[in-house]
Amino acid sequence: MSSAASNTKKNILILGSTGPLGALTTQEALAHHFKITIFVRSPEKLAQEIKDNQNITARLLTETAKLFPLLPSFSHIVSVLGPQGLSYKGKAISEFYTVLLQKILTFPTSNRPYVLALSTPSQEAPQDTFSLPMYFMLMIFKRVGAGPYSEIRAITQSFEKYGNGIQWTLYRVGYLTDTVGKGFASAGWIGDERWKLSTSRSDIARWLIREVECEESQRKWVGLMPALSED
Ligand SMILES: NC(=O)c1ccc[n+]([C@@H]2O[C@H](COP(=O)([O-])OP(=O)(O)OC[C@H]3O[C@@H](n4cnc5c(N)ncnc54)[C@H](OP(=O)(O)O)[C@@H]3O)[C@@H](O)[C@H]2O)c1
């Protein structure tokens, strides 16, 4: 089967399509012929290309009553939801994931989508090693961005507590740039020789969609929190 033909069988839910990374991810998914559903908070912010596209079904994120019955039909959920800005407060995103994961757990294993959700270096992974720039950056960020810092950590707690029995990956992104990247973001661990704090949004979008295309047996990052960076 050609990759375009097998991709039409993948039905993916994308969350966060109104932001720059979400728009790029949605466009990349379209280019790969996936069936796409998006749930958005601010439909007026959607890029015209996404708004007009017949292959996308758009709904409001607040309509969870409409979202939850659809969950077993999705093969993948790709979320780029994240706290916006240093003054972000609250736990809206982690609480949403808690409800989402609990709902997914009520489905038979074969109907549980693979969830790829955004995180940041505010969450360390056991495989990370010491990085002096990251150490200083986190010291500052904990003070000036206490709200986003604690939301990111609450997102991890939500997946660790309710994600047992679900395939998930929390991909961690650092400083996002709009430079047109060379290809795919590289996935690894903070402190690795190749790890860098910045990554282009387009490289992350391509990495995400490549993960969606991957056969289940070849998924490398299930239950892990890889740090994405420039290749
Ligand atoms: N910019 C950076 O350098 C940087 C660094 C580290 C991490 N990040 C993370 O990366 C994410 C993506 O960044 P971006 O600049 O491409 O996009 P963005 O403009 O921050 O967009 C984030 C997306 O998430 C949605 N969203 C956020 N909170 C939500 C909530 N409570 N309910 C519903 N939707 C919500 C936004 O919806 P609306 O359009 O309705 O607001 C938007 O679609 C950010 O959210 C941030 O957490 C960014």
# chains A, B, ... in the order shown; residues from 1 in each chain; ligands from 1
call {"tool": "select_by_dssp", "arguments": {"residues": "chain A", "states": "alpha helix (DSSP H)", "output": "PyMOL selection string"}}
result
chain A and resi 3-7+20-31+48-51+64-70+92-104+132-144+146-162+201-213
call {"tool": "residues_around", "arguments": {"residues": "Glu124 in chain A", "least_positions_apart": "4", "cutoff": "12 Å", "atoms": "only C-alpha atoms", "output": "MDAnalysis selection string"}}
result
chainID A and resid 119:120 128:131 134:135 138 149 152:153 156 170:173 189:191 224:227
call {"tool": "write_last_selection", "arguments": {"atoms": "N, CA and C atoms", "output": "compact mmCIF listing (two decimals), in the first residue's frame"}}
result
# COMPACT_ATOMS: atom_id res chain seq x y z
N SER A 119 5.34 19.32 25.87
CA SER A 119 5.89 19.66 27.18
C SER A 119 7.09 20.57 26.92
N THR A 120 7.81 20.91 27.96
CA THR A 120 8.97 21.80 27.80
C THR A 120 10.09 21.34 28.74
N ASP A 128 17.90 12.74 31.12
CA ASP A 128 18.66 13.99 30.91
C ASP A 128 19.96 13.95 31.71
N THR A 129 20.95 14.68 31.23
CA THR A 129 22.17 14.87 32.01
C THR A 129 22.36 16.37 32.25
N PHE A 130 23.32 16.69 33.09
CA PHE A 130 23.47 18.09 33.51
C PHE A 130 23.83 18.99 32.33
N SER A 131 23.12 20.12 32.26
CA SER A 131 23.43 21.14 31.25
C SER A 131 23.48 22.48 31.98
N MET A 134 20.99 25.11 30.79
CA MET A 134 19.62 24.75 31.19
C MET A 134 19.42 24.99 32.68
N TYR A 135 20.44 24.71 33.47
CA TYR A 135 20.36 24.89 34.92
C TYR A 135 20.06 26.36 35.24
N LEU A 138 16.52 27.43 33.98
CA LEU A 138 15.41 26.96 34.83
C LEU A 138 15.33 27.73 36.14
N TYR A 149 5.54 27.01 34.53
CA TYR A 149 6.41 25.95 35.07
C TYR A 149 5.56 24.90 35.79
N ILE A 152 3.28 22.86 33.35
CA ILE A 152 4.01 21.83 32.58
C ILE A 152 4.25 20.59 33.46
N ARG A 153 4.59 20.82 34.71
CA ARG A 153 4.84 19.70 35.61
C ARG A 153 3.53 18.97 35.96
N THR A 156 2.75 16.50 33.18
CA THR A 156 3.46 15.22 33.34
C THR A 156 2.77 14.35 34.38
N LEU A 170 5.37 12.65 25.67
CA LEU A 170 5.41 14.08 25.97
C LEU A 170 6.68 14.62 25.32
N TYR A 171 6.53 15.26 24.17
CA TYR A 171 7.71 15.80 23.47
C TYR A 171 8.00 17.18 24.04
N ARG A 172 9.25 17.42 24.41
CA ARG A 172 9.59 18.69 25.08
C ARG A 172 10.22 19.64 24.08
N VAL A 173 9.66 20.84 24.01
CA VAL A 173 10.20 21.85 23.09
C VAL A 173 10.75 23.02 23.90
N TRP A 189 17.93 13.84 24.53
CA TRP A 189 17.82 14.20 25.95
C TRP A 189 18.60 15.48 26.22
N ILE A 190 18.11 16.25 27.16
CA ILE A 190 18.81 17.48 27.55
C ILE A 190 20.18 17.08 28.11
N GLY A 191 21.20 17.84 27.69
CA GLY A 191 22.56 17.51 28.13
C GLY A 191 23.32 16.70 27.08
N LEU A 224 7.77 8.16 27.07
CA LEU A 224 9.00 8.92 27.29
C LEU A 224 8.78 10.41 27.03
N MET A 225 9.78 11.21 27.40
CA MET A 225 9.67 12.67 27.26
C MET A 225 10.89 13.20 26.51
N PRO A 226 11.00 12.85 25.22
CA PRO A 226 12.18 13.31 24.47
C PRO A 226 12.23 14.82 24.35
N ALA A 227 13.45 15.36 24.32
CA ALA A 227 13.62 16.80 24.10
C ALA A 227 13.91 16.98 22.61
call {"tool": "residues_near_ligand", "arguments": {"ligand": "ligand 1", "cutoff": "9 Å", "atoms": "only C-alpha atoms and all ligand atoms", "output": "ChimeraX atom specification"}}
result
/A:15-24,39-46,61-62,79-85,90-93,96,118-122,148,152,172-177,198-199,201
call {"tool": "write_last_selection", "arguments": {"atoms": "N, CA and C atoms", "output": "CSV table (one decimal), in the first residue's frame"}}
result
chain,number,residue,atom,x,y,z
A,15,LEU,N,-4.9,19.2,18.4
A,15,LEU,CA,-5.4,20.3,19.4
A,15,LEU,C,-4.4,21.4,19.4
A,16,GLY,N,-4.8,22.6,19.2
A,16,GLY,CA,-4.0,23.8,19.2
A,16,GLY,C,-3.7,24.3,17.8
A,17,SER,N,-4.6,24.0,16.9
A,17,SER,CA,-4.3,24.4,15.5
A,17,SER,C,-4.3,25.9,15.2
A,18,THR,N,-4.8,26.7,16.2
A,18,THR,CA,-4.8,28.2,16.0
A,18,THR,C,-3.5,28.9,16.3
A,19,GLY,N,-2.5,28.2,16.9
A,19,GLY,CA,-1.2,28.7,17.2
A,19,GLY,C,-0.3,28.4,16.0
A,20,PRO,N,0.9,29.1,15.9
A,20,PRO,CA,1.8,28.9,14.8
A,20,PRO,C,2.3,27.4,14.7
A,21,LEU,N,2.6,26.8,15.8
A,21,LEU,CA,3.1,25.4,15.7
A,21,LEU,C,1.9,24.5,15.3
A,22,GLY,N,0.7,24.7,15.8
A,22,GLY,CA,-0.4,23.9,15.5
A,22,GLY,C,-0.8,24.1,14.1
A,23,ALA,N,-0.7,25.3,13.5
A,23,ALA,CA,-1.1,25.5,12.1
A,23,ALA,C,-0.1,24.7,11.2
A,24,LEU,N,1.2,24.8,11.5
A,24,LEU,CA,2.1,24.1,10.7
A,24,LEU,C,1.9,22.6,10.8
A,39,PHE,N,-10.1,20.5,17.3
A,39,PHE,CA,-11.0,21.1,18.3
A,39,PHE,C,-10.2,22.4,18.7
A,40,VAL,N,-10.9,23.5,18.5
A,40,VAL,CA,-10.2,24.8,18.8
A,40,VAL,C,-11.0,25.7,19.7
A,41,ARG,N,-10.2,26.6,20.4
A,41,ARG,CA,-10.9,27.5,21.3
A,41,ARG,C,-11.3,28.8,20.6
A,42,SER,N,-10.5,29.2,19.6
A,42,SER,CA,-10.7,30.5,19.0
A,42,SER,C,-10.7,30.3,17.4
A,43,PRO,N,-11.9,29.8,16.9
A,43,PRO,CA,-11.9,29.4,15.5
A,43,PRO,C,-11.6,30.6,14.6
A,44,GLU,N,-11.8,31.9,15.1
A,44,GLU,CA,-11.6,33.0,14.2
A,44,GLU,C,-10.1,33.2,14.0
A,45,LYS,N,-9.2,32.5,14.8
A,45,LYS,CA,-7.8,32.6,14.6
A,45,LYS,C,-7.2,31.6,13.6
A,46,LEU,N,-8.1,30.7,13.1
A,46,LEU,CA,-7.6,29.7,12.2
A,46,LEU,C,-7.1,30.2,10.9
A,61,LEU,N,-13.3,23.5,21.2
A,61,LEU,CA,-12.7,22.6,22.3
A,61,LEU,C,-13.6,22.5,23.5
A,62,THR,N,-14.4,23.5,23.7
A,62,THR,CA,-15.3,23.5,24.9
A,62,THR,C,-16.5,22.4,24.7
A,79,SER,N,-1.3,17.0,20.3
A,79,SER,CA,-1.6,18.2,21.0
A,79,SER,C,-0.4,19.1,21.0
A,80,VAL,N,-0.6,20.4,20.6
A,80,VAL,CA,0.4,21.4,20.8
A,80,VAL,C,0.0,22.4,21.8
A,81,LEU,N,-1.0,22.0,22.6
A,81,LEU,CA,-1.5,23.0,23.7
A,81,LEU,C,-0.4,23.2,24.7
A,82,GLY,N,-0.3,24.4,25.1
A,82,GLY,CA,0.7,24.7,26.1
A,82,GLY,C,0.4,26.1,26.7
A,83,PRO,N,1.0,26.3,28.0
A,83,PRO,CA,0.7,27.6,28.6
A,83,PRO,C,1.3,28.7,27.8
A,84,GLN,N,0.5,29.7,27.5
A,84,GLN,CA,0.9,30.9,26.7
A,84,GLN,C,1.4,32.0,27.5
A,85,GLY,N,2.6,32.3,27.5
A,85,GLY,CA,3.2,33.5,28.1
A,85,GLY,C,3.6,33.2,29.6
A,90,GLY,N,-3.1,28.8,36.4
A,90,GLY,CA,-4.1,27.8,36.4
A,90,GLY,C,-3.6,26.5,35.9
A,91,LYS,N,-4.6,25.6,35.7
A,91,LYS,CA,-4.3,24.2,35.4
A,91,LYS,C,-5.2,23.7,34.3
A,92,ALA,N,-5.7,24.6,33.4
A,92,ALA,CA,-6.7,24.3,32.4
A,92,ALA,C,-6.2,23.1,31.5
A,93,ILE,N,-5.0,23.1,31.2
A,93,ILE,CA,-4.5,22.1,30.2
A,93,ILE,C,-4.3,20.8,30.9
A,96,PHE,N,-7.6,19.3,31.6
A,96,PHE,CA,-8.2,18.7,30.4
A,96,PHE,C,-7.6,17.3,30.1
A,118,LEU,N,2.5,18.2,24.0
A,118,LEU,CA,3.7,19.1,24.2
A,118,LEU,C,4.0,19.3,25.7
A,119,SER,N,5.3,19.3,25.9
A,119,SER,CA,5.9,19.7,27.2
A,119,SER,C,7.1,20.6,26.9
A,120,THR,N,7.8,20.9,28.0
A,120,THR,CA,9.0,21.8,27.8
A,120,THR,C,10.1,21.3,28.7
A,121,PRO,N,11.3,22.0,28.6
A,121,PRO,CA,12.4,21.6,29.5
A,121,PRO,C,12.1,21.9,31.0
A,122,SER,N,11.0,22.6,31.3
A,122,SER,CA,10.6,22.8,32.7
A,122,SER,C,10.4,21.4,33.4
A,148,PRO,N,3.5,28.9,34.2
A,148,PRO,CA,3.7,27.9,33.2
A,148,PRO,C,4.6,26.7,33.7
A,152,ILE,N,3.3,22.9,33.3
A,152,ILE,CA,4.0,21.8,32.6
A,152,ILE,C,4.2,20.6,33.5
A,172,ARG,N,9.2,17.4,24.4
A,172,ARG,CA,9.6,18.7,25.1
A,172,ARG,C,10.2,19.6,24.1
A,173,VAL,N,9.7,20.8,24.0
A,173,VAL,CA,10.2,21.8,23.1
A,173,VAL,C,10.8,23.0,23.9
A,174,GLY,N,11.9,23.6,23.4
A,174,GLY,CA,12.5,24.7,24.1
A,174,GLY,C,12.0,26.0,23.4
A,175,TYR,N,13.0,26.8,23.0
A,175,TYR,CA,12.7,28.1,22.3
A,175,TYR,C,12.3,27.8,20.9
A,176,LEU,N,11.1,28.3,20.5
A,176,LEU,CA,10.6,28.0,19.2
A,176,LEU,C,10.9,29.1,18.2
A,177,THR,N,11.4,28.8,17.0
A,177,THR,CA,11.7,29.8,16.0
A,177,THR,C,10.9,29.6,14.8
A,198,SER,N,17.0,25.7,21.1
A,198,SER,CA,16.0,26.2,20.1
A,198,SER,C,15.7,25.1,19.0
A,199,THR,N,14.5,25.3,18.4
A,199,THR,CA,14.0,24.4,17.4
A,199,THR,C,13.1,25.2,16.5
A,201,ARG,N,9.7,25.7,14.4
A,201,ARG,CA,8.4,25.1,14.5
A,201,ARG,C,8.2,24.1,13.3
call {"tool": "residues_around", "arguments": {"residues": "Leu13 in chain A", "least_positions_apart": "2", "cutoff": "6 Å", "atoms": "only C-alpha atoms", "output": "list in words"}}
result
Ile36, Thr37, Ile38 and Ile77 of chain A
call {"tool": "residues_around", "arguments": {"residues": "Leu71 in chain A", "least_positions_apart": "6", "cutoff": "8 Å", "atoms": "only C-alpha atoms", "output": "list of chain:residue names"}}
result
A:Ile104, A:Arg112, A:Pro113
call {"tool": "write_last_selection", "arguments": {"atoms": "N, CA and C atoms", "output": "JSON list (two decimals), in the first residue's frame"}}
result
[["chain", "number", "residue", "atom", "x", "y", "z"],
["A", 104, "ILE", "N", -10.25, 8.02, 27.73],
["A", 104, "ILE", "CA", -9.62, 7.05, 26.82],
["A", 104, "ILE", "C", -9.49, 5.68, 27.49],
["A", 112, "ARG", "N", -7.66, 2.76, 21.70],
["A", 112, "ARG", "CA", -7.05, 3.89, 22.41],
["A", 112, "ARG", "C", -6.04, 4.59, 21.51],
["A", 113, "PRO", "N", -6.25, 5.89, 21.22],
["A", 113, "PRO", "CA", -5.30, 6.58, 20.35],
["A", 113, "PRO", "C", -3.94, 6.77, 21.00]]
call {"tool": "decode", "arguments": {"residues": "range 116-146 of chain A", "atoms": "N, CA and C atoms", "output": "PDB file, in the first residue's frame"}}
result
ATOM      1  N   LEU A 116       0.312  12.254  21.486  1.00  0.00           N
ATOM      2  CA  LEU A 116       1.581  13.008  21.493  1.00  0.00           C
ATOM      3  C   LEU A 116       1.260  14.407  22.004  1.00  0.00           C
ATOM      4  N   ALA A 117       1.808  14.766  23.165  1.00  0.00           N
ATOM      5  CA  ALA A 117       1.439  16.051  23.770  1.00  0.00           C
ATOM      6  C   ALA A 117       2.694  16.871  24.093  1.00  0.00           C
ATOM      7  N   LEU A 118       2.521  18.186  23.989  1.00  0.00           N
ATOM      8  CA  LEU A 118       3.652  19.109  24.178  1.00  0.00           C
ATOM      9  C   LEU A 118       4.045  19.273  25.652  1.00  0.00           C
ATOM     10  N   SER A 119       5.338  19.315  25.868  1.00  0.00           N
ATOM     11  CA  SER A 119       5.886  19.658  27.176  1.00  0.00           C
ATOM     12  C   SER A 119       7.085  20.568  26.917  1.00  0.00           C
ATOM     13  N   THR A 120       7.805  20.915  27.960  1.00  0.00           N
ATOM     14  CA  THR A 120       8.969  21.799  27.797  1.00  0.00           C
ATOM     15  C   THR A 120      10.091  21.339  28.739  1.00  0.00           C
ATOM     16  N   PRO A 121      11.271  21.952  28.626  1.00  0.00           N
ATOM     17  CA  PRO A 121      12.366  21.580  29.542  1.00  0.00           C
ATOM     18  C   PRO A 121      12.093  21.916  31.001  1.00  0.00           C
ATOM     19  N   SER A 122      10.970  22.592  31.306  1.00  0.00           N
ATOM     20  CA  SER A 122      10.617  22.787  32.717  1.00  0.00           C
ATOM     21  C   SER A 122      10.386  21.439  33.384  1.00  0.00           C
ATOM     22  N   GLN A 123      10.152  20.431  32.567  1.00  0.00           N
ATOM     23  CA  GLN A 123      10.013  19.069  33.081  1.00  0.00           C
ATOM     24  C   GLN A 123      11.282  18.306  32.739  1.00  0.00           C
ATOM     25  N   GLU A 124      11.982  17.820  33.751  1.00  0.00           N
ATOM     26  CA  GLU A 124      13.173  17.031  33.453  1.00  0.00           C
ATOM     27  C   GLU A 124      12.765  15.589  33.177  1.00  0.00           C
ATOM     28  N   ALA A 125      13.607  14.874  32.437  1.00  0.00           N
ATOM     29  CA  ALA A 125      13.379  13.442  32.200  1.00  0.00           C
ATOM     30  C   ALA A 125      14.512  12.684  32.873  1.00  0.00           C
ATOM     31  N   PRO A 126      14.255  11.428  33.294  1.00  0.00           N
ATOM     32  CA  PRO A 126      15.313  10.673  33.984  1.00  0.00           C
ATOM     33  C   PRO A 126      16.559  10.494  33.117  1.00  0.00           C
ATOM     34  N   GLN A 127      16.403  10.530  31.793  1.00  0.00           N
ATOM     35  CA  GLN A 127      17.556  10.306  30.890  1.00  0.00           C
ATOM     36  C   GLN A 127      18.382  11.569  30.665  1.00  0.00           C
ATOM     37  N   ASP A 128      17.903  12.744  31.116  1.00  0.00           N
ATOM     38  CA  ASP A 128      18.662  13.988  30.915  1.00  0.00           C
ATOM     39  C   ASP A 128      19.960  13.946  31.713  1.00  0.00           C
ATOM     40  N   THR A 129      20.946  14.684  31.228  1.00  0.00           N
ATOM     41  CA  THR A 129      22.172  14.868  32.011  1.00  0.00           C
ATOM     42  C   THR A 129      22.360  16.370  32.253  1.00  0.00           C
ATOM     43  N   PHE A 130      23.322  16.688  33.090  1.00  0.00           N
ATOM     44  CA  PHE A 130      23.468  18.085  33.514  1.00  0.00           C
ATOM     45  C   PHE A 130      23.828  18.995  32.333  1.00  0.00           C
ATOM     46  N   SER A 131      23.119  20.122  32.259  1.00  0.00           N
ATOM     47  CA  SER A 131      23.431  21.139  31.255  1.00  0.00           C
ATOM     48  C   SER A 131      23.481  22.481  31.984  1.00  0.00           C
ATOM     49  N   LEU A 132      24.632  23.119  31.960  1.00  0.00           N
ATOM     50  CA  LEU A 132      24.790  24.382  32.696  1.00  0.00           C
ATOM     51  C   LEU A 132      23.832  25.467  32.177  1.00  0.00           C
ATOM     52  N   PRO A 133      23.717  25.670  30.847  1.00  0.00           N
ATOM     53  CA  PRO A 133      22.780  26.695  30.374  1.00  0.00           C
ATOM     54  C   PRO A 133      21.350  26.406  30.823  1.00  0.00           C
ATOM     55  N   MET A 134      20.994  25.112  30.790  1.00  0.00           N
ATOM     56  CA  MET A 134      19.619  24.753  31.186  1.00  0.00           C
ATOM     57  C   MET A 134      19.416  24.992  32.681  1.00  0.00           C
ATOM     58  N   TYR A 135      20.438  24.706  33.467  1.00  0.00           N
ATOM     59  CA  TYR A 135      20.364  24.890  34.916  1.00  0.00           C
ATOM     60  C   TYR A 135      20.058  26.359  35.239  1.00  0.00           C
ATOM     61  N   PHE A 136      20.797  27.281  34.591  1.00  0.00           N
ATOM     62  CA  PHE A 136      20.579  28.704  34.851  1.00  0.00           C
ATOM     63  C   PHE A 136      19.217  29.159  34.318  1.00  0.00           C
ATOM     64  N   MET A 137      18.886  28.648  33.138  1.00  0.00           N
ATOM     65  CA  MET A 137      17.612  29.049  32.544  1.00  0.00           C
ATOM     66  C   MET A 137      16.430  28.639  33.430  1.00  0.00           C
ATOM     67  N   LEU A 138      16.518  27.431  33.982  1.00  0.00           N
ATOM     68  CA  LEU A 138      15.415  26.957  34.832  1.00  0.00           C
ATOM     69  C   LEU A 138      15.333  27.733  36.141  1.00  0.00           C
ATOM     70  N   MET A 139      16.511  28.103  36.666  1.00  0.00           N
ATOM     71  CA  MET A 139      16.519  28.884  37.910  1.00  0.00           C
ATOM     72  C   MET A 139      15.745  30.186  37.701  1.00  0.00           C
ATOM     73  N   ILE A 140      15.985  30.820  36.549  1.00  0.00           N
ATOM     74  CA  ILE A 140      15.306  32.086  36.252  1.00  0.00           C
ATOM     75  C   ILE A 140      13.827  31.820  35.959  1.00  0.00           C
ATOM     76  N   PHE A 141      13.575  30.796  35.152  1.00  0.00           N
ATOM     77  CA  PHE A 141      12.205  30.534  34.709  1.00  0.00           C
ATOM     78  C   PHE A 141      11.269  30.187  35.873  1.00  0.00           C
ATOM     79  N   LYS A 142      11.807  29.466  36.859  1.00  0.00           N
ATOM     80  CA  LYS A 142      10.974  29.109  38.024  1.00  0.00           C
ATOM     81  C   LYS A 142      10.474  30.363  38.724  1.00  0.00           C
ATOM     82  N   ARG A 143      11.277  31.455  38.671  1.00  0.00           N
ATOM     83  CA  ARG A 143      10.870  32.707  39.313  1.00  0.00           C
ATOM     84  C   ARG A 143       9.943  33.520  38.432  1.00  0.00           C
ATOM     85  N   VAL A 144      10.344  33.702  37.162  1.00  0.00           N
ATOM     86  CA  VAL A 144       9.553  34.620  36.321  1.00  0.00           C
ATOM     87  C   VAL A 144       8.373  33.914  35.638  1.00  0.00           C
ATOM     88  N   GLY A 145       8.414  32.596  35.578  1.00  0.00           N
ATOM     89  CA  GLY A 145       7.336  31.874  34.890  1.00  0.00           C
ATOM     90  C   GLY A 145       6.796  30.757  35.773  1.00  0.00           C
ATOM     91  N   ALA A 146       6.502  31.099  37.013  1.00  0.00           N
ATOM     92  CA  ALA A 146       6.065  30.050  37.956  1.00  0.00           C
ATOM     93  C   ALA A 146       4.784  29.365  37.489  1.00  0.00           C
TER      94      ALA A 146
END
